[in-house]
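Peer 1: The structure file input_26.txt (compact mmCIF, C-alpha atoms) is provided below.
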# COMPACT_ATOMS: atom_id res chain seq x y z
CA GLY P 1 5.16 25.25 6.77
CA ALA P 2 6.22 21.64 6.28
CA THR P 3 7.83 22.47 2.94
CA ALA P 4 9.73 25.46 4.33
CA PHE P 5 10.96 23.56 7.38
CA GLY P 6 11.95 20.57 5.27
CA ALA P 7 13.93 22.81 2.92
CA LEU P 8 15.74 24.32 5.92
CA VAL P 9 16.61 20.91 7.36
CA GLY P 10 17.77 19.70 3.95
CA ALA P 11 20.03 22.71 3.49
CA LEU P 12 21.53 22.29 6.97
CA PHE P 13 22.11 18.58 6.36
CA ALA P 14 23.82 19.31 3.05
CA LEU P 15 26.10 21.86 4.75
CA TYR P 16 26.94 19.37 7.49
CA VAL P 17 27.84 16.64 5.03
CA ARG P 18 29.91 19.04 2.93
CA TYR P 19 31.96 20.60 5.74
CA VAL P 20 31.93 17.87 8.42
CA GLY P 21 30.95 14.59 6.78
CA ARG P 22 31.23 12.38 9.89
CA GLU P 23 28.64 9.98 11.29
CA VAL P 24 26.22 10.86 8.50
CA THR P 25 23.86 8.00 9.41
CA LEU P 26 23.46 9.23 13.00
CA VAL P 27 22.91 12.79 11.84
CA LEU P 28 20.32 11.54 9.36
CA ILE P 29 18.44 9.73 12.13
CA ALA P 30 18.61 12.89 14.25
CA ALA P 31 17.23 14.92 11.35
CA CYS P 32 14.35 12.46 10.97
CA ALA P 33 13.63 12.71 14.71
CA LEU P 34 13.68 16.51 14.42
CA LEU P 35 11.27 16.45 11.49
CA SER P 36 8.94 14.13 13.37
CA GLN P 37 9.04 16.12 16.61
CA VAL P 38 8.51 19.49 14.98
CA GLY P 39 5.78 18.04 12.80
CA THR P 40 3.96 16.76 15.88
CA THR P 41 4.24 19.97 17.89
CA GLN P 42 3.69 22.46 15.05
CA ASN P 43 1.07 20.50 13.09
CA PHE P 44 3.44 20.00 10.16
CA GLU P 45 3.34 16.88 8.04
CA PRO P 46 6.69 15.14 8.71
CA LEU P 47 6.54 13.08 5.52
CA LEU P 48 6.10 16.17 3.35
CA ALA P 49 8.92 17.92 5.19
CA ALA P 50 11.19 14.90 4.71
CA VAL P 51 10.39 14.69 0.99
CA THR P 52 11.21 18.40 0.63
CA ALA P 53 14.49 17.96 2.51
CA GLY P 54 15.46 15.11 0.21
CA LEU P 55 14.60 17.18 -2.88
CA VAL P 56 16.76 20.04 -1.65
CA ILE P 57 19.72 17.77 -0.98
CA GLU P 58 19.39 15.84 -4.24
CA ASN P 59 18.88 18.81 -6.56
CA LEU P 60 20.90 21.58 -4.92
CA ALA P 61 23.79 19.53 -3.55
CA GLN P 62 24.35 16.43 -5.63
CA PRO P 63 27.54 15.26 -3.89
CA GLN P 64 25.65 15.48 -0.59
CA GLY P 65 22.82 13.54 -2.21
CA ASP P 66 25.21 10.64 -2.82
CA ALA P 67 26.23 10.72 0.85
CA LEU P 68 22.58 10.76 1.87
CA ARG P 69 21.79 7.71 -0.25
CA ALA P 70 24.72 5.84 1.28
CA ALA P 71 23.55 6.78 4.79
CA VAL P 72 20.00 5.68 4.02
CA GLN P 73 21.22 2.34 2.68
CA ARG P 74 23.11 1.74 5.92
CA GLY P 75 20.39 2.84 8.31
CA ALA P 76 17.16 2.07 6.49
CA PRO P 77 16.66 -1.72 6.90
CA PRO P 78 15.56 -1.72 10.58
CA ILE P 79 13.31 1.31 10.04
CA LEU P 80 11.75 -0.20 6.92
CA LEU P 81 11.18 -3.47 8.77
CA ILE P 82 9.23 -1.67 11.50
CA PHE P 83 7.34 0.43 8.97
CA PHE P 84 6.23 -2.47 6.79
CA ALA P 85 5.30 -4.53 9.84
CA ALA P 86 3.14 -1.66 11.14
CA VAL P 87 1.46 -1.19 7.75
CA GLY P 88 0.81 -4.90 7.43
CA ALA P 89 -0.61 -5.13 10.94
CA SER P 90 -3.02 -2.27 10.22
CA LEU P 91 -4.49 -3.91 7.12
CA ARG P 92 -8.01 -5.25 7.23
CA LEU P 93 -8.22 -8.50 5.30
CA ASP P 94 -11.96 -8.19 4.79
CA THR P 95 -11.46 -4.82 3.11
CA LEU P 96 -8.58 -6.23 1.06
CA ALA P 97 -10.92 -8.91 -0.30
CA MET P 98 -13.44 -6.22 -1.24
CA VAL P 99 -10.94 -4.03 -3.10
CA GLY P 100 -9.05 -6.87 -4.81
CA ALA P 101 -10.91 -6.60 -8.10
CA ALA P 102 -10.65 -2.81 -8.08
CA ALA P 103 -6.90 -3.06 -7.42
CA VAL P 104 -6.41 -5.40 -10.39
CA ALA P 105 -8.47 -3.11 -12.65
CA LEU P 106 -6.54 -0.01 -11.56
CA SER P 107 -3.23 -1.81 -12.03
CA VAL P 108 -4.15 -2.73 -15.60
CA CYS P 109 -5.24 0.87 -16.31
CA ARG P 110 -1.99 2.20 -14.86
CA LEU P 111 0.07 -0.21 -16.96
CA VAL P 112 -1.78 0.77 -20.15
CA LEU P 113 -1.40 4.49 -19.41
CA ILE P 114 2.33 4.10 -18.71
CA ARG P 115 2.80 2.30 -22.01
CA ILE P 116 0.79 4.93 -23.90
CA GLY P 117 2.82 7.68 -22.26
CA ILE P 118 6.13 6.08 -23.24
CA VAL P 119 5.01 5.49 -26.84
CA THR P 120 3.74 9.07 -27.11
CA GLY P 121 6.97 10.42 -25.68
CA LEU P 122 9.05 8.36 -28.10
CA ARG P 123 7.08 9.64 -31.07
CA ALA P 124 7.38 13.24 -29.91
CA SER P 125 11.13 12.97 -29.25
CA GLY P 126 12.05 11.05 -32.38
CA ILE P 127 14.05 8.42 -30.45
CA ASP P 128 14.57 5.03 -32.08
CA HIS P 129 11.42 3.06 -31.29
CA ASP P 130 12.76 -0.47 -31.36
CA PRO P 131 14.64 -1.03 -28.06
CA ALA P 132 13.15 2.04 -26.34
CA THR P 133 9.62 0.75 -26.83
CA TYR P 134 10.17 -1.53 -23.82
CA ALA P 135 11.18 1.33 -21.51
CA TRP P 136 7.71 1.24 -19.94
CA THR P 137 8.45 -2.14 -18.40
CA GLY P 138 10.84 -0.50 -15.93
CA LEU P 139 8.19 1.90 -14.59
CA ILE P 140 5.71 -0.60 -13.17
CA SER P 141 7.16 -1.29 -9.73
CA GLN P 142 6.39 1.25 -7.01
CA ALA P 143 6.45 1.49 -3.23
CA GLY P 144 8.08 3.69 -0.62
CA ILE P 145 6.46 7.08 -0.48
CA THR P 146 3.11 5.75 -1.66
CA LEU P 147 2.81 3.59 1.45
CA GLY P 148 3.59 6.61 3.60
CA PHE P 149 0.94 8.75 1.96
CA GLY P 150 -1.54 5.89 2.29
CA SER P 151 -0.97 5.71 6.05
CA ILE P 152 -1.42 9.50 6.29
CA VAL P 153 -4.75 9.32 4.45
CA ALA P 154 -5.89 6.52 6.76
CA ALA P 155 -5.00 8.57 9.84
CA GLU P 156 -6.48 11.86 8.64
CA PHE P 157 -9.74 10.43 7.26
CA PRO P 158 -10.84 7.52 9.46
CA ASP P 159 -14.17 7.04 7.66
CA TRP P 160 -12.85 6.17 4.21
CA GLY P 161 -9.08 6.51 4.56
CA ALA P 162 -8.58 2.92 5.68
CA ASN P 163 -10.17 1.66 2.48
CA VAL P 164 -7.93 3.92 0.40
CA GLN P 165 -4.86 2.70 2.27
CA THR P 166 -5.85 -0.92 1.72
CA LEU P 167 -6.38 -0.24 -1.98
CA LEU P 168 -2.97 1.43 -2.26
CA VAL P 169 -1.23 -1.44 -0.48
CA ALA P 170 -2.96 -3.93 -2.77
CA LEU P 171 -1.87 -1.92 -5.82
CA ILE P 172 1.71 -1.78 -4.59
CA ALA P 173 1.73 -5.51 -3.91
CA ILE P 174 0.54 -6.21 -7.45
CA HIS P 175 3.07 -3.83 -8.97
CA GLU P 176 5.93 -5.25 -6.91
CA LEU P 177 5.06 -8.80 -7.98
CA VAL P 178 4.40 -8.09 -11.65
CA GLY P 179 6.90 -5.28 -12.22
CA PRO P 180 10.20 -7.23 -11.97
CA ILE P 181 8.86 -10.03 -14.19
CA VAL P 182 7.69 -7.64 -16.89
CA PHE P 183 10.90 -5.61 -16.61
CA ARG P 184 13.03 -8.71 -17.15
CA GLN P 185 11.02 -9.61 -20.22
CA GLY P 186 11.39 -6.05 -21.50
CA LEU P 187 15.15 -6.08 -21.00
CA THR P 188 15.42 -9.42 -22.80
CA ARG P 189 13.39 -8.28 -25.80
CA ALA P 190 15.11 -4.90 -25.97
CA GLY P 191 18.48 -6.66 -25.92
CA GLU P 192 17.41 -8.99 -28.71
CA LEU P 193 16.22 -6.04 -30.82
CA ASP P 194 19.41 -4.12 -30.13
CA ALA P 195 21.55 -7.10 -31.08
CA ALA P 196 19.59 -7.58 -34.30
CA THR P 197 19.92 -3.91 -35.30
CA PRO P 198 22.60 -3.47 -37.99
CA ARG P 199 25.52 -1.27 -36.92
CA PRO P 200 27.09 1.28 -39.28
CA LEU P 201 30.63 0.49 -40.27
CA VAL P 202 33.21 2.95 -38.95
Starting from the file, give its structure as structure tokens.

Peer 2:
Amino acid sequence: GATAFGALVGALFALYVRYVGREVTLVLIAACALLSQVGTTQNFEPLLAAVTAGLVIENLAQPQGDALRAAVQRGAPPILLIFFAAVGASLRLDTLAMVGAAAVALSVCRLVLIRIGIVTGLRASGIDHDPATYAWTGLISQAGITLGFGSIVAAEFPDWGANVQTLLVALIAIHELVGPIVFRQGLTRAGELDAATPRPLV
């Protein structure tokens, strides 16, 4: 139900942006309020409906997807501020201390698996390995939807969901701190390899 309703809202939003195209930010906020209200009254998951709406707009109406991104960039900062403040206020520091070691271990495993996946993909595709080998460094950072799903798990499963949410937030914090640093190093090394690669004469 959430997926179907989200697809409907996404299609209607795309049609509005295509044929009207005014006050897109206000219409986006109204669509979010509609998703939230219907989700509450009909037992839909608003986050899943919103993700589906975004997928419909991005993949079926790419020009409307650009308008949506611009509207989100204009209207998102206050909403994100409230969201991150609420997530931070709900964290239990004692649980965070307990899951710290597990978060570090999972982060290392994730990093290794990402690198293995990139190397495997490069070998299967036959792409030049030298600069592309560092492509994995751009896939470390994560946030956004993961925080939302973590809060849903905490609300739906009070017994163990709070621990899962805390673990996810700790993972995201690690990835957000380490990701940009590793990505910068990857860009630097890839640029050095690319500059050192001999170019064919035309």

Peer 1: Show which residues sit within 10 Å of P:Gly1, as a list in words. Count all atoms listed in the file, and ignore same-chain residues fewer than 6 positions away.

Peer 2: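 Close residues of P:Gly1: Ala7, Gly39, Gln42, Asn43, Phe44, Glu45, Leu48 and Ala49 of chain P.
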
Peer 1: How many Å separate atom CA of P:Thr52 from atom CA of P:Ser141?

Peer 2: 22.6 Å

Peer 1: Hey, which of P:Ala103, P:Ile82, P:Leu15, P:Ala33 ends up closest to P:Gln62? Count only C-alpha atoms.

Peer 2: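 Closest to P:Gln62, using only C-alpha atoms: P:Leu15.
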
Peer 1: From the list P:Ala170, P:Ala31, P:Leu81, P:Ala124, which residue is nearest P:Val104 when using all atoms listed in the file?

Peer 2: P:Ala170

Peer 1: Find, counting only C-alpha atoms, the residue in P:Phe5, P:Thr133, P:Gly161, P:Val153 that gets nearest to P:Arg189.

Peer 2: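 Looking at the shortest contact to P:Arg189, the residue is P:Thr133.
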
Peer 1: Kindly give the distance, in Å, that separates atom CA of P:Tyr19 and atom CA of P:Ile145, rounded to a single decimal.

Peer 2: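 Computing it gives 29.5 Å between the two atoms.
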
Peer 1: Using only C-alpha atoms, can you tell me which of P:Val169, P:Val51, P:Gly121, P:Pro158 comes closest to P:Gln142?

Peer 2: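 Among the listed residues, P:Val169 lies closest to P:Gln142.
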
Peer 1: Which residue out of P:Val20, P:Ala101, P:Ile152, P:Leu47 has the minimum interatomic distance to P:Ile174 when all atoms listed in the file are used?

Peer 2: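 Nearest to P:Ile174: P:Ala101.
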
Peer 1: Between atom CA of P:Gln73 and atom CA of P:Leu26, what is the spacing in Å?

Peer 2: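 Answer for the atom CA of P:Leu26 to atom CA of P:Gln73 separation: 12.6 Å.
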
Peer 1: Using only C-alpha atoms, can you tell me which of P:Leu35, P:Leu167, P:Ile140, P:Leu106 comes closest to P:Pro180?

Peer 2: P:Ile140

Peer 1: Kindly extract all protein, DNA and RNA residues lying within 10 Å of the coordinates (19.6, 8.2, 11.5) given in the file, considering only C-alpha atoms, and supply them as a list in words.

Peer 2: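 Protein and nucleic acid residues near the point are Glu23, Val24, Thr25, Leu26, Val27, Leu28, Ile29, Ala30, Ala31, Cys32, Ala33, Ala71, Val72, Arg74, Gly75, Ala76 and Ile79 of chain P.
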
Peer 1: Find the residues around P:Arg115 up to 6 Å (only C-alpha atoms counted), leave out those fewer than 3 positions away in its own chain, and share them as a compact mmCIF listing (two decimals) with C-alpha atoms, in the coordinates of the input.

Peer 2:
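So part_39.txt came out as:
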# COMPACT_ATOMS: atom_id res chain seq x y z
CA VAL P 112 -1.78 0.77 -20.15
CA ILE P 118 6.13 6.08 -23.24
CA TRP P 136 7.71 1.24 -19.94

Peer 1: Box for stretch 166-184 of chain P: with edges along x, y and z, all listed atoms inside and 4 Å added on each side, what are the centre and edge lengths in Å to one decimal, as lines of an AutoDock Vina configuration file?

Peer 2:
center_x = 3.3
center_y = -4.3
center_z = -7.7
size_x = 27.4
size_y = 19.5
size_z = 26.9
